[in-house]
file data.pdb (PDB, C-alpha atoms)
ATOM      1  CA  MET A   1      89.802 125.482-160.712
ATOM      2  CA  ASN A   2      90.810 124.288-164.141
ATOM      3  CA  ASP A   3      94.312 123.445-162.937
ATOM      4  CA  ARG A   4      92.758 121.609-160.056
ATOM      5  CA  ASN A   5      90.600 119.534-162.383
ATOM      6  CA  THR A   6      93.565 118.782-164.585
ATOM      7  CA  GLU A   7      95.594 117.678-161.605
ATOM      8  CA  TRP A   8      92.717 115.532-160.310
ATOM      9  CA  GLN A   9      92.546 113.854-163.725
ATOM     10  CA  ALA A  10      96.305 113.241-163.545
ATOM     11  CA  GLN A  11      95.928 111.743-160.056
ATOM     12  CA  GLU A  12      93.192 109.427-161.280
ATOM     13  CA  ARG A  13      94.975 108.479-164.495
ATOM     14  CA  ALA A  14      98.115 107.601-162.556
ATOM     15  CA  ARG A  15      96.041 105.216-160.464
ATOM     16  CA  THR A  16      95.054 103.183-163.505
ATOM     17  CA  LEU A  17      98.591 102.854-164.881
ATOM     18  CA  SER A  18     100.984 100.123-163.881
ATOM     19  CA  GLY A  19     104.569  99.208-164.711
ATOM     20  CA  SER A  20     107.412 101.614-165.250
ATOM     21  CA  THR A  21     106.702 102.814-168.768
ATOM     22  CA  ALA A  22     106.424 106.593-168.874
ATOM     23  CA  SER A  23     102.947 107.925-169.608
ATOM     24  CA  GLY A  24     104.217 110.951-171.483
ATOM     25  CA  ASP A  25     102.752 113.264-168.838
ATOM     26  CA  ALA A  26     105.190 114.364-166.112
ATOM     27  CA  THR A  27     102.444 115.007-163.564
ATOM     28  CA  VAL A  28     100.885 111.588-164.100
ATOM     29  CA  ASP A  29     104.289 109.931-163.765
ATOM     30  CA  ARG A  30     104.966 111.727-160.512
ATOM     31  CA  TYR A  31     101.696 110.593-159.013
ATOM     32  CA  ARG A  32     102.293 107.087-160.283
ATOM     33  CA  ALA A  33     105.602 107.067-158.468
ATOM     34  CA  VAL A  34     103.890 108.227-155.280
ATOM     35  CA  TYR A  35     101.340 105.395-155.573
ATOM     36  CA  GLN A  36     104.082 102.853-156.180
ATOM     37  CA  GLY A  37     105.770 104.147-153.075
ATOM     38  CA  LEU A  38     102.515 103.822-151.149
ATOM     39  CA  ALA A  39     101.950 100.265-152.313
ATOM     40  CA  MET A  40     105.480  99.218-151.354
ATOM     41  CA  ALA A  41     105.844 101.284-148.203
ATOM     42  CA  PRO A  42     106.181  99.288-144.992
ATOM     43  CA  PHE A  43     102.959  99.187-143.081
ATOM     44  CA  PRO A  44     102.295  97.454-139.755
ATOM     45  CA  ALA A  45     100.187  94.413-140.566
ATOM     46  CA  PRO A  46      97.434  93.298-138.179
ATOM     47  CA  PRO A  47      98.853  91.146-135.351
ATOM     48  CA  THR A  48      98.529  87.448-136.175
ATOM     49  CA  ASP A  49      96.443  86.834-133.059
ATOM     50  CA  LEU A  50      94.110  89.778-133.649
ATOM     51  CA  GLY A  51      91.168  87.660-134.875
ATOM     52  CA  ALA A  52      91.523  85.192-131.992
ATOM     53  CA  GLN A  53      91.744  88.035-129.506
ATOM     54  CA  ILE A  54      88.649  89.715-130.921
ATOM     55  CA  LEU A  55      86.665  86.467-130.798
ATOM     56  CA  GLU A  56      87.804  85.845-127.241
ATOM     57  CA  GLY A  57      86.686  89.351-126.279
ATOM     58  CA  VAL A  58      83.288  88.840-127.897
ATOM     59  CA  ARG A  59      82.849  85.478-126.138
ATOM     60  CA  ARG A  60      83.770  87.092-122.820
ATOM     61  CA  ALA A  61      81.312  89.929-123.390
ATOM     62  CA  GLU A  62      78.617  87.431-124.317
ATOM     63  CA  ALA A  63      79.251  85.440-121.125
ATOM     64  CA  ASP A  64      79.149  88.654-119.056
ATOM     65  CA  GLU A  65      75.861  89.653-120.640
ATOM     66  CA  ARG A  66      74.377  86.203-120.046
ATOM     67  CA  PHE A  67      75.446  86.387-116.402
ATOM     68  CA  GLU A  68      73.936  89.867-116.133
ATOM     69  CA  ARG A  69      70.634  88.681-117.662
ATOM     70  CA  TRP A  70      70.330  85.727-115.290
ATOM     71  CA  THR A  71      71.259  87.842-112.289
ATOM     72  CA  LEU A  72      68.536  90.276-113.272
ATOM     73  CA  ARG A  73      66.041  87.423-113.681
ATOM     74  CA  LEU A  74      66.876  86.005-110.265
ATOM     75  CA  LEU A  75      66.631  89.422-108.668
ATOM     76  CA  GLY A  76      63.276  89.898-110.377
ATOM     77  CA  LEU A  77      62.132  86.509-109.186
ATOM     78  CA  ALA A  78      63.179  87.249-105.616
ATOM     79  CA  GLY A  79      61.503  90.654-105.775
ATOM     80  CA  GLY A  80      58.322  89.122-107.181
ATOM     81  CA  VAL A  81      58.183  86.503-104.444
ATOM     82  CA  GLY A  82      58.690  89.182-101.813
ATOM     83  CA  ILE A  83      55.971  91.398-103.261
ATOM     84  CA  ALA A  84      53.579  88.439-103.534
ATOM     85  CA  PHE A  85      54.130  87.548 -99.879
ATOM     86  CA  TYR A  86      53.420  91.088 -98.755
ATOM     87  CA  ALA A  87      50.583  91.895-101.161
ATOM     88  CA  GLY A  88      49.182  88.367-101.610
ATOM     89  CA  PRO A  89      47.118  88.129 -98.384
ATOM     90  CA  THR A  90      45.531  91.539 -98.977
ATOM     91  CA  LEU A  91      44.682  90.536-102.556
ATOM     92  CA  LEU A  92      43.127  87.299-101.331
ATOM     93  CA  ASP A  93      41.014  89.188 -98.803
ATOM     94  CA  VAL A  94      39.705  91.411-101.573
ATOM     95  CA  LEU A  95      38.947  88.543-103.965
ATOM     96  CA  ALA A  96      37.675  85.969-101.454
ATOM     97  CA  PRO A  97      34.045  87.252-101.277
ATOM     98  CA  ALA A  98      33.645  86.903-105.054
ATOM     99  CA  TRP A  99      35.004  83.354-105.077
ATOM    100  CA  SER A 100      32.992  82.216-102.071
ATOM    101  CA  GLY A 101      29.854  83.418-103.910
ATOM    102  CA  GLY A 102      30.160  80.357-106.166
ATOM    103  CA  ALA A 103      31.240  82.203-109.293
ATOM    104  CA  LEU A 104      34.083  79.667-109.859
ATOM    105  CA  PRO A 105      34.226  75.846-109.481
ATOM    106  CA  GLU A 106      35.360  74.746-106.029
ATOM    107  CA  GLY A 107      38.680  73.210-107.270
ATOM    108  CA  ILE A 108      39.761  76.427-108.936
ATOM    109  CA  THR A 109      38.698  78.460-105.901
ATOM    110  CA  LYS A 110      40.891  76.297-103.649
ATOM    111  CA  LEU A 111      43.795  76.526-106.053
ATOM    112  CA  ALA A 112      43.392  80.278-106.368
ATOM    113  CA  ALA A 113      43.336  80.589-102.594
ATOM    114  CA  ASN A 114      46.823  79.102-102.406
ATOM    115  CA  PRO A 115      49.255  82.025-101.827
ATOM    116  CA  TRP A 116      52.146  80.062-103.381
ATOM    117  CA  LEU A 117      50.404  80.032-106.741
ATOM    118  CA  TRP A 118      50.064  83.818-106.699
ATOM    119  CA  SER A 119      53.611  84.233-105.462
ATOM    120  CA  THR A 120      54.967  82.105-108.272
ATOM    121  CA  LEU A 121      52.854  83.823-110.931
ATOM    122  CA  ALA A 122      53.809  87.280-109.675
ATOM    123  CA  ALA A 123      57.476  86.325-109.613
ATOM    124  CA  LEU A 124      57.373  84.872-113.135
ATOM    125  CA  ALA A 125      55.566  87.933-114.500
ATOM    126  CA  THR A 126      58.114  90.246-112.892
ATOM    127  CA  ALA A 127      61.051  88.214-114.200
ATOM    128  CA  LEU A 128      59.620  88.134-117.727
ATOM    129  CA  MET A 129      58.971  91.867-117.673
ATOM    130  CA  LEU A 130      62.537  92.575-116.573
ATOM    131  CA  ASP A 131      63.916  90.246-119.219
ATOM    132  CA  ARG A 132      62.078  91.855-122.136
ATOM    133  CA  ARG A 133      64.829  94.341-123.003
ATOM    134  CA  PRO A 134      66.303  94.300-126.549
ATOM    135  CA  ARG A 135      69.617  92.513-127.011
ATOM    136  CA  GLY A 136      71.890  91.140-129.752
ATOM    137  CA  GLN A 137      71.378  87.681-131.120
ATOM    138  CA  VAL A 138      74.802  86.758-132.448
ATOM    139  CA  ALA A 139      76.664  83.749-131.189
TER     140      ALA A 139
ATOM    141  CA  MET B 140      75.905  91.109-151.279
ATOM    142  CA  THR B 141      74.445  87.572-151.427
ATOM    143  CA  ASP B 142      77.485  86.284-149.565
ATOM    144  CA  ASP B 143      77.007  89.057-146.996
ATOM    145  CA  ARG B 144      73.377  88.076-146.484
ATOM    146  CA  ALA B 145      74.261  84.405-146.031
ATOM    147  CA  LEU B 146      77.037  85.250-143.590
ATOM    148  CA  VAL B 147      74.938  87.673-141.547
ATOM    149  CA  GLU B 148      71.991  85.285-141.405
ATOM    150  CA  ALA B 149      74.286  82.473-140.303
ATOM    151  CA  ALA B 150      75.804  84.676-137.604
ATOM    152  CA  LEU B 151      72.390  85.796-136.390
ATOM    153  CA  ALA B 152      71.222  82.175-136.330
ATOM    154  CA  ARG B 153      74.255  81.401-134.129
ATOM    155  CA  ARG B 154      75.657  78.865-136.561
ATOM    156  CA  PRO B 155      79.039  77.640-135.327
ATOM    157  CA  GLY B 156      81.947  79.532-136.859
ATOM    158  CA  ALA B 157      79.770  82.117-138.621
ATOM    159  CA  PHE B 158      80.789  85.117-136.518
ATOM    160  CA  GLU B 159      84.385  83.944-136.646
ATOM    161  CA  ARG B 160      84.198  83.975-140.465
ATOM    162  CA  LEU B 161      82.802  87.483-140.284
ATOM    163  CA  VAL B 162      85.690  88.627-138.083
ATOM    164  CA  ARG B 163      88.340  86.907-140.203
ATOM    165  CA  GLY B 164      86.914  88.396-143.367
ATOM    166  CA  HIS B 165      86.956  91.975-142.118
ATOM    167  CA  GLU B 166      89.736  92.246-139.517
ATOM    168  CA  LYS B 167      92.261  93.512-142.058
ATOM    169  CA  LEU B 168      89.982  96.290-143.269
ATOM    170  CA  VAL B 169      89.148  97.324-139.709
ATOM    171  CA  TRP B 170      92.797  97.233-138.640
ATOM    172  CA  HIS B 171      93.915  99.361-141.604
ATOM    173  CA  LEU B 172      91.121 101.865-141.163
ATOM    174  CA  VAL B 173      91.562 102.271-137.425
ATOM    175  CA  TYR B 174      95.358 102.286-137.598
ATOM    176  CA  ARG B 175      95.315 105.013-140.241
ATOM    177  CA  MET B 176      93.097 107.091-138.009
ATOM    178  CA  VAL B 177      94.787 106.676-134.632
ATOM    179  CA  ALA B 178      98.364 105.734-135.713
ATOM    180  CA  HIS B 179      99.007 103.788-132.526
ATOM    181  CA  PRO B 180      99.245  99.956-132.566
ATOM    182  CA  GLU B 181      98.030  99.303-129.003
ATOM    183  CA  ASP B 182      95.104 101.698-129.304
ATOM    184  CA  THR B 183      94.301 100.145-132.677
ATOM    185  CA  ARG B 184      94.173  96.677-131.143
ATOM    186  CA  ASP B 185      91.763  97.817-128.413
ATOM    187  CA  LEU B 186      89.613  99.744-130.855
ATOM    188  CA  CYS B 187      89.405  96.766-133.250
ATOM    189  CA  GLN B 188      88.056  94.777-130.313
ATOM    190  CA  GLU B 189      85.505  97.500-129.649
ATOM    191  CA  VAL B 190      84.487  97.621-133.313
ATOM    192  CA  PHE B 191      83.706  93.907-133.513
ATOM    193  CA  LEU B 192      81.925  93.977-130.182
ATOM    194  CA  ARG B 193      79.695  96.704-131.597
ATOM    195  CA  VAL B 194      79.212  94.646-134.779
ATOM    196  CA  TYR B 195      78.258  91.661-132.627
ATOM    197  CA  ARG B 196      75.670  93.656-130.713
ATOM    198  CA  LYS B 197      74.233  95.565-133.663
ATOM    199  CA  LEU B 198      74.340  92.970-136.422
ATOM    200  CA  ASP B 199      70.570  92.498-136.283
ATOM    201  CA  GLN B 200      70.300  96.167-137.305
ATOM    202  CA  TYR B 201      72.255  95.674-140.552
ATOM    203  CA  ARG B 202      69.760  96.308-143.392
ATOM    204  CA  TYR B 203      71.819  95.213-146.441
ATOM    205  CA  GLU B 204      71.687  98.758-147.850
ATOM    206  CA  SER B 205      75.461  98.720-148.348
ATOM    207  CA  SER B 206      78.018  95.927-148.396
ATOM    208  CA  LEU B 207      78.809  94.375-145.034
ATOM    209  CA  ALA B 208      82.391  95.671-145.368
ATOM    210  CA  THR B 209      81.107  99.237-145.783
ATOM    211  CA  TRP B 210      78.776  98.866-142.798
ATOM    212  CA  ILE B 211      81.580  97.505-140.615
ATOM    213  CA  GLY B 212      83.939 100.167-141.970
ATOM    214  CA  ARG B 213      81.483 102.834-140.920
ATOM    215  CA  ILE B 214      81.385 101.465-137.384
ATOM    216  CA  ALA B 215      85.191 101.350-137.318
ATOM    217  CA  PHE B 216      85.400 104.914-138.585
ATOM    218  CA  SER B 217      82.958 106.234-136.002
ATOM    219  CA  ILE B 218      84.741 104.461-133.146
ATOM    220  CA  ALA B 219      88.149 105.720-134.304
ATOM    221  CA  THR B 220      86.759 109.238-134.730
ATOM    222  CA  ARG B 221      85.298 109.187-131.216
ATOM    223  CA  HIS B 222      88.674 107.999-129.903
ATOM    224  CA  LEU B 223      90.429 110.927-131.580
ATOM    225  CA  GLN B 224      87.818 113.344-130.249
ATOM    226  CA  ARG B 225      88.305 112.011-126.722
ATOM    227  CA  ARG B 226      92.011 112.618-127.142
ATOM    228  CA  ARG B 227      91.206 116.045-128.560
ATOM    229  CA  LEU B 228      93.022 115.296-131.809
ATOM    230  CA  ALA B 229      91.689 117.076-134.870
ATOM    231  CA  LEU B 230      90.775 114.918-137.858
ATOM    232  CA  ASP B 231      91.892 117.401-140.475
ATOM    233  CA  GLU B 232      95.043 118.782-138.964
ATOM    234  CA  SER B 233      98.515 117.455-138.863
ATOM    235  CA  PRO B 234     101.330 118.447-136.552
ATOM    236  CA  ARG B 235     103.294 119.336-139.645
ATOM    237  CA  ASP B 236     100.628 121.487-141.257
ATOM    238  CA  GLU B 237     102.538 124.151-143.101
ATOM    239  CA  ASP B 238      99.885 125.765-145.235
ATOM    240  CA  GLY B 239     101.421 129.174-144.720
ATOM    241  CA  GLU B 240     104.751 128.145-146.201
ATOM    242  CA  ASP B 241     105.787 128.302-149.796
ATOM    243  CA  ASP B 242     104.919 125.347-151.976
ATOM    244  CA  PRO B 243     107.771 122.798-152.051
ATOM    245  CA  LEU B 244     106.601 121.776-155.489
ATOM    246  CA  GLU B 245     107.705 125.123-156.820
ATOM    247  CA  ARG B 246     111.274 124.374-155.838
ATOM    248  CA  ILE B 247     111.497 121.145-157.810
ATOM    249  CA  GLY B 248     112.404 121.018-161.459
ATOM    250  CA  ASP B 249     110.423 118.989-164.020
ATOM    251  CA  ASP B 250     113.409 116.761-164.597
ATOM    252  CA  PHE B 251     113.248 115.289-161.095
ATOM    253  CA  ASP B 252     112.733 111.534-161.438
ATOM    254  CA  LEU B 253     110.667 110.546-158.437
ATOM    255  CA  ALA B 254     110.032 107.042-159.784
ATOM    256  CA  GLN B 255     113.743 106.387-159.854
ATOM    257  CA  ALA B 256     114.177 107.893-156.422
ATOM    258  CA  CYS B 257     111.428 105.720-154.989
ATOM    259  CA  ALA B 258     113.213 102.589-156.130
ATOM    260  CA  ASP B 259     115.377 102.943-153.046
ATOM    261  CA  ALA B 260     114.156 101.067-149.962
ATOM    262  CA  ASP B 261     114.928 103.972-147.651
ATOM    263  CA  LEU B 262     112.725 106.145-149.740
ATOM    264  CA  MET B 263     109.867 103.656-149.419
ATOM    265  CA  ALA B 264     110.141 104.120-145.690
ATOM    266  CA  HIS B 265     110.001 107.834-146.361
ATOM    267  CA  VAL B 266     106.673 107.391-148.162
ATOM    268  CA  ALA B 267     105.354 105.593-145.083
ATOM    269  CA  ARG B 268     106.547 108.426-142.863
ATOM    270  CA  GLU B 269     104.975 111.038-145.102
ATOM    271  CA  LEU B 270     101.725 109.130-145.056
ATOM    272  CA  GLU B 271     101.839 109.005-141.259
ATOM    273  CA  ALA B 272     102.455 112.742-141.209
ATOM    274  CA  LEU B 273      99.193 113.470-143.033
ATOM    275  CA  PRO B 274      96.172 114.471-140.919
ATOM    276  CA  PRO B 275      94.164 111.405-139.770
ATOM    277  CA  MET B 276      91.317 111.943-142.195
ATOM    278  CA  GLN B 277      93.577 112.394-145.208
ATOM    279  CA  ARG B 278      95.767 109.384-144.509
ATOM    280  CA  THR B 279      92.649 107.287-143.943
ATOM    281  CA  LEU B 280      91.195 108.345-147.273
ATOM    282  CA  VAL B 281      94.449 107.607-149.095
ATOM    283  CA  SER B 282      94.657 104.239-147.406
ATOM    284  CA  LEU B 283      91.068 103.272-148.203
ATOM    285  CA  TYR B 284      91.291 104.455-151.802
ATOM    286  CA  HIS B 285      94.741 103.191-152.742
ATOM    287  CA  LEU B 286      95.467 100.294-150.420
ATOM    288  CA  GLU B 287      91.988  98.904-149.734
ATOM    289  CA  GLU B 288      90.889  99.947-153.235
ATOM    290  CA  LEU B 289      87.451 101.124-152.124
ATOM    291  CA  GLY B 290      85.454 103.452-154.381
ATOM    292  CA  ILE B 291      84.648 107.087-153.599
ATOM    293  CA  ALA B 292      80.988 106.229-152.917
ATOM    294  CA  GLU B 293      81.916 103.505-150.434
ATOM    295  CA  ILE B 294      84.388 105.790-148.674
ATOM    296  CA  ALA B 295      81.720 108.494-148.494
ATOM    297  CA  THR B 296      79.362 106.006-146.847
ATOM    298  CA  ILE B 297      82.013 104.886-144.370
ATOM    299  CA  THR B 298      83.043 108.388-143.379
ATOM    300  CA  GLY B 299      79.545 109.848-143.566
ATOM    301  CA  GLN B 300      80.782 112.673-145.794
ATOM    302  CA  PRO B 301      79.500 113.841-149.196
ATOM    303  CA  GLU B 302      81.390 112.396-152.174
ATOM    304  CA  GLY B 303      82.572 115.885-153.153
ATOM    305  CA  THR B 304      84.165 116.358-149.748
ATOM    306  CA  VAL B 305      85.872 112.980-149.967
ATOM    307  CA  LYS B 306      87.231 113.815-153.434
ATOM    308  CA  ASN B 307      88.462 117.191-152.251
ATOM    309  CA  SER B 308      90.245 115.725-149.216
ATOM    310  CA  LEU B 309      91.718 112.942-151.318
ATOM    311  CA  PHE B 310      92.956 115.433-153.874
ATOM    312  CA  ARG B 311      94.624 117.547-151.207
ATOM    313  CA  ALA B 312      96.144 114.508-149.522
ATOM    314  CA  ARG B 313      97.663 113.156-152.716
ATOM    315  CA  ARG B 314      98.988 116.520-153.764
ATOM    316  CA  ARG B 315     100.520 117.027-150.337
ATOM    317  CA  LEU B 316     102.106 113.574-150.467
ATOM    318  CA  ARG B 317     103.541 114.307-153.866
ATOM    319  CA  GLU B 318     104.887 117.679-152.801
ATOM    320  CA  ARG B 319     106.445 116.470-149.572
ATOM    321  CA  LEU B 320     107.940 113.428-151.156
ATOM    322  CA  GLU B 321     109.429 115.324-154.062
ATOM    323  CA  HIS B 322     110.752 117.900-151.648
ATOM    324  CA  ALA B 323     112.321 115.236-149.449
ATOM    325  CA  MET B 324     113.712 113.295-152.344
ATOM    326  CA  GLY B 325     115.062 116.462-153.875
ATOM    327  CA  ALA B 326     116.866 117.177-150.636
ATOM    328  CA  VAL B 327     118.334 113.668-150.608
ATOM    329  CA  ALA B 328     119.391 113.700-154.268
TER     330      ALA B 328
END
call {"tool": "encode", "arguments": {"input": "data.pdb", "output": "structure tokens"}}
result
Amino acid sequence: MNDRNTEWQAQERARTLSGSTASGDATVDRYRAVYQGLAMAPFPAPPTDLGAQILEGVRRAEADERFERWTLRLLGLAGGVGIAFYAGPTLLDVLAPAWSGGALPEGITKLAANPWLWSTLAALATALMLDRRPRGQVA
Amino acid sequence: MTDDRALVEAALARRPGAFERLVRGHEKLVWHLVYRMVAHPEDTRDLCQEVFLRVYRKLDQYRYESSLATWIGRIAFSIATRHLQRRRLALDESPRDEDGEDDPLERIGDDFDLAQACADADLMAHVARELEALPPMQRTLVSLYHLEELGIAEIATITGQPEGTVKNSLFRARRRLRERLEHAMGAVA
């Protein structure tokens, strides 16, 4: 363990030395030579177009995700409209007695009786619900 | 860290060029880290792409608890590690693992001048080859510590290992490099 510590110290000391002057410690000098070799050894540099390629990939992914989000919204909207058309009349039948009892002003009652209003609201609610998933915010 | 915060906030606010600055500032680190792990240029290129895509998607989760470089390095390390695991390549083994053999260091006299030997360009290439021959984890640690000049604590954060484990692996890697190189150079001389 002691030898190991001594050698670790030599490894670390060699890291702090520069130039070709001998340190007076053979082990340190050997490690220093290894580090010099490492620093000068040929190493494949990143391709020059790497950054551009990465950015292009990120832009493409962002566009794909935007397309996916809007597709989901449109599907939600279409689903909501469909549901409103099927369920809307039944809902109106259930609510109509309460409205006709004069609980609401006549204008609002007429507006509320319009199935398109309910269809649109149902579709918007569905689309918003579907769109409320977490996502990244980086441009 | 202040620069990191400004850059991350700009990128999150979608300011033009902010994410590009982030990529340009860290592509070299990511390339070196991933290349040292997978040792394959084409795979490295694809994995670098994957790393920055992950950074793009997860940047709002960066909590400034480490430098941005360390955080990105950690993502790069985990993606490279997963790649090696998919390929069933062990992180701590090398095809030339010869632990059962006698120590080459024992066969080399104290008068061997490795510094002089390394002055030769061919021998520099030999250093590169010996580095490539290390197990992925060891060559990554050597690269991060000596070429990227990261500290032990930062490397521990990137690799998700205790500092003691990082030191131990680094120690073994450097000793192995020294032994193999001296052995090879001794054979050449």
call {"tool": "closest_residue", "arguments": {"input": "data.pdb", "among": "A:Asp25, A:Thr6, A:Ala123, A:Asp93", "to": "Leu75 (chain A)", "atoms": "all atoms listed in the file"}}
result
A:Ala123
call {"tool": "resolve_selection", "arguments": {"input": "data.pdb", "expression": "the PyMOL selection byres ((chain A and resi 82) around 12)", "output": "compact mmCIF listing (two decimals) with C-alpha atoms, keeping the file's coordinate frame"}}
result
# COMPACT_ATOMS: atom_id res chain seq x y z
CA LEU A 75 66.63 89.42 -108.67
CA GLY A 76 63.28 89.90 -110.38
CA LEU A 77 62.13 86.51 -109.19
CA ALA A 78 63.18 87.25 -105.62
CA GLY A 79 61.50 90.65 -105.78
CA GLY A 80 58.32 89.12 -107.18
CA VAL A 81 58.18 86.50 -104.44
CA ILE A 83 55.97 91.40 -103.26
CA ALA A 84 53.58 88.44 -103.53
CA PHE A 85 54.13 87.55 -99.88
CA TYR A 86 53.42 91.09 -98.76
CA ALA A 87 50.58 91.90 -101.16
CA GLY A 88 49.18 88.37 -101.61
CA PRO A 115 49.26 82.02 -101.83
CA TRP A 116 52.15 80.06 -103.38
CA TRP A 118 50.06 83.82 -106.70
CA SER A 119 53.61 84.23 -105.46
CA THR A 120 54.97 82.10 -108.27
CA ALA A 122 53.81 87.28 -109.68
CA ALA A 123 57.48 86.32 -109.61
CA THR A 126 58.11 90.25 -112.89
call {"tool": "atom_distance", "arguments": {"input": "data.pdb", "atom1": "CA of Glu159 (chain B)", "atom2": "CA of Asp143 (chain B)"}}
result
13.7 Å
call {"tool": "atom_distance", "arguments": {"input": "data.pdb", "atom1": "CA of Asn2 (chain A)", "atom2": "CA of Thr27 (chain A)"}}
result
14.9 Å
call {"tool": "interface_residues", "arguments": {"input": "data.pdb", "of": "chain A", "to": "chain B", "cutoff": "7 Å", "atoms": "only C-alpha atoms", "output": "ChimeraX atom specification"}}
result
/A:8,30-31,33-34,37-42,46,51,54-55,57-58,136-139
call {"tool": "write_last_selection", "arguments": {"input": "data.pdb", "atoms": "C-alpha atoms", "output": "compact mmCIF listing (two decimals), in the frame of the given file"}}
result
# COMPACT_ATOMS: atom_id res chain seq x y z
CA TRP A 8 92.72 115.53 -160.31
CA ARG A 30 104.97 111.73 -160.51
CA TYR A 31 101.70 110.59 -159.01
CA ALA A 33 105.60 107.07 -158.47
CA VAL A 34 103.89 108.23 -155.28
CA GLY A 37 105.77 104.15 -153.07
CA LEU A 38 102.52 103.82 -151.15
CA ALA A 39 101.95 100.26 -152.31
CA MET A 40 105.48 99.22 -151.35
CA ALA A 41 105.84 101.28 -148.20
CA PRO A 42 106.18 99.29 -144.99
CA PRO A 46 97.43 93.30 -138.18
CA GLY A 51 91.17 87.66 -134.88
CA ILE A 54 88.65 89.72 -130.92
CA LEU A 55 86.66 86.47 -130.80
CA GLY A 57 86.69 89.35 -126.28
CA VAL A 58 83.29 88.84 -127.90
CA GLY A 136 71.89 91.14 -129.75
CA GLN A 137 71.38 87.68 -131.12
CA VAL A 138 74.80 86.76 -132.45
CA ALA A 139 76.66 83.75 -131.19
call {"tool": "atom_distance", "arguments": {"input": "data.pdb", "atom1": "CA of Gln277 (chain B)", "atom2": "CA of Leu50 (chain A)"}}
result
25.4 Å
call {"tool": "residues_around", "arguments": {"input": "data.pdb", "residues": "Val28 (chain A)", "least_positions_apart": "6", "cutoff": "7 Å", "atoms": "only C-alpha atoms", "output": "VMD selection string"}}
result
chain A and resid 10 to 11 13 to 14
call {"tool": "closest_residue", "arguments": {"input": "data.pdb", "among": "B:Thr304, B:Thr209, B:Ala272, B:Met176", "to": "Gly290 (chain B)", "atoms": "all atoms listed in the file"}}
result
B:Thr209
call {"tool": "residues_around", "arguments": {"input": "data.pdb", "residues": "Trp210 (chain B)", "least_positions_apart": "4", "cutoff": "10 Å", "atoms": "all atoms listed in the file", "output": "PyMOL selection string"}}
result
chain B and resi 194+198+201-206+214-216+293+296-297
call {"tool": "axis_aligned_box", "arguments": {"input": "data.pdb", "around": "region 43-53 of chain A", "padding_each_side": "8 Å", "output": "JSON"}}
result
{"center_x": 97.1, "center_y": 92.2, "center_z": -136.3, "size_x": 27.8, "size_y": 30.0, "size_z": 29.6}
call {"tool": "build_atoms", "arguments": {"input": "data.pdb", "residues": "region 44-55 of chain A", "atoms": "N, CA and C atoms", "output": "short mmCIF file (atom, residue, chain, number, x, y, z; two decimals), keeping the file's coordinate frame"}}
result
data_model
loop_
_atom_site.label_atom_id
_atom_site.label_comp_id
_atom_site.auth_asym_id
_atom_site.auth_seq_id
_atom_site.Cartn_x
_atom_site.Cartn_y
_atom_site.Cartn_z
N PRO A 44 102.49 98.48 -140.78
CA PRO A 44 102.30 97.45 -139.76
C PRO A 44 101.06 96.60 -140.06
N ALA A 45 101.29 95.33 -140.27
CA ALA A 45 100.19 94.41 -140.57
C ALA A 45 99.43 94.12 -139.28
N PRO A 46 98.16 93.66 -139.40
CA PRO A 46 97.43 93.30 -138.18
C PRO A 46 98.18 92.20 -137.44
N PRO A 47 98.19 92.22 -136.11
CA PRO A 47 98.85 91.15 -135.35
C PRO A 47 98.23 89.80 -135.73
N THR A 48 99.03 88.76 -135.73
CA THR A 48 98.53 87.45 -136.18
C THR A 48 97.42 86.92 -135.25
N ASP A 49 97.45 87.34 -133.99
CA ASP A 49 96.44 86.83 -133.06
C ASP A 49 95.26 87.79 -132.91
N LEU A 50 95.17 88.78 -133.81
CA LEU A 50 94.11 89.78 -133.65
C LEU A 50 92.71 89.14 -133.70
N GLY A 51 92.49 88.30 -134.72
CA GLY A 51 91.17 87.66 -134.88
C GLY A 51 90.81 86.84 -133.64
N ALA A 52 91.77 86.04 -133.17
CA ALA A 52 91.52 85.19 -131.99
C ALA A 52 91.21 86.05 -130.77
N GLN A 53 91.95 87.14 -130.66
CA GLN A 53 91.74 88.04 -129.51
C GLN A 53 90.36 88.70 -129.57
N ILE A 54 89.97 89.09 -130.75
CA ILE A 54 88.65 89.72 -130.92
C ILE A 54 87.55 88.71 -130.55
N LEU A 55 87.69 87.49 -131.07
CA LEU A 55 86.66 86.47 -130.80
C LEU A 55 86.59 86.15 -129.31
#
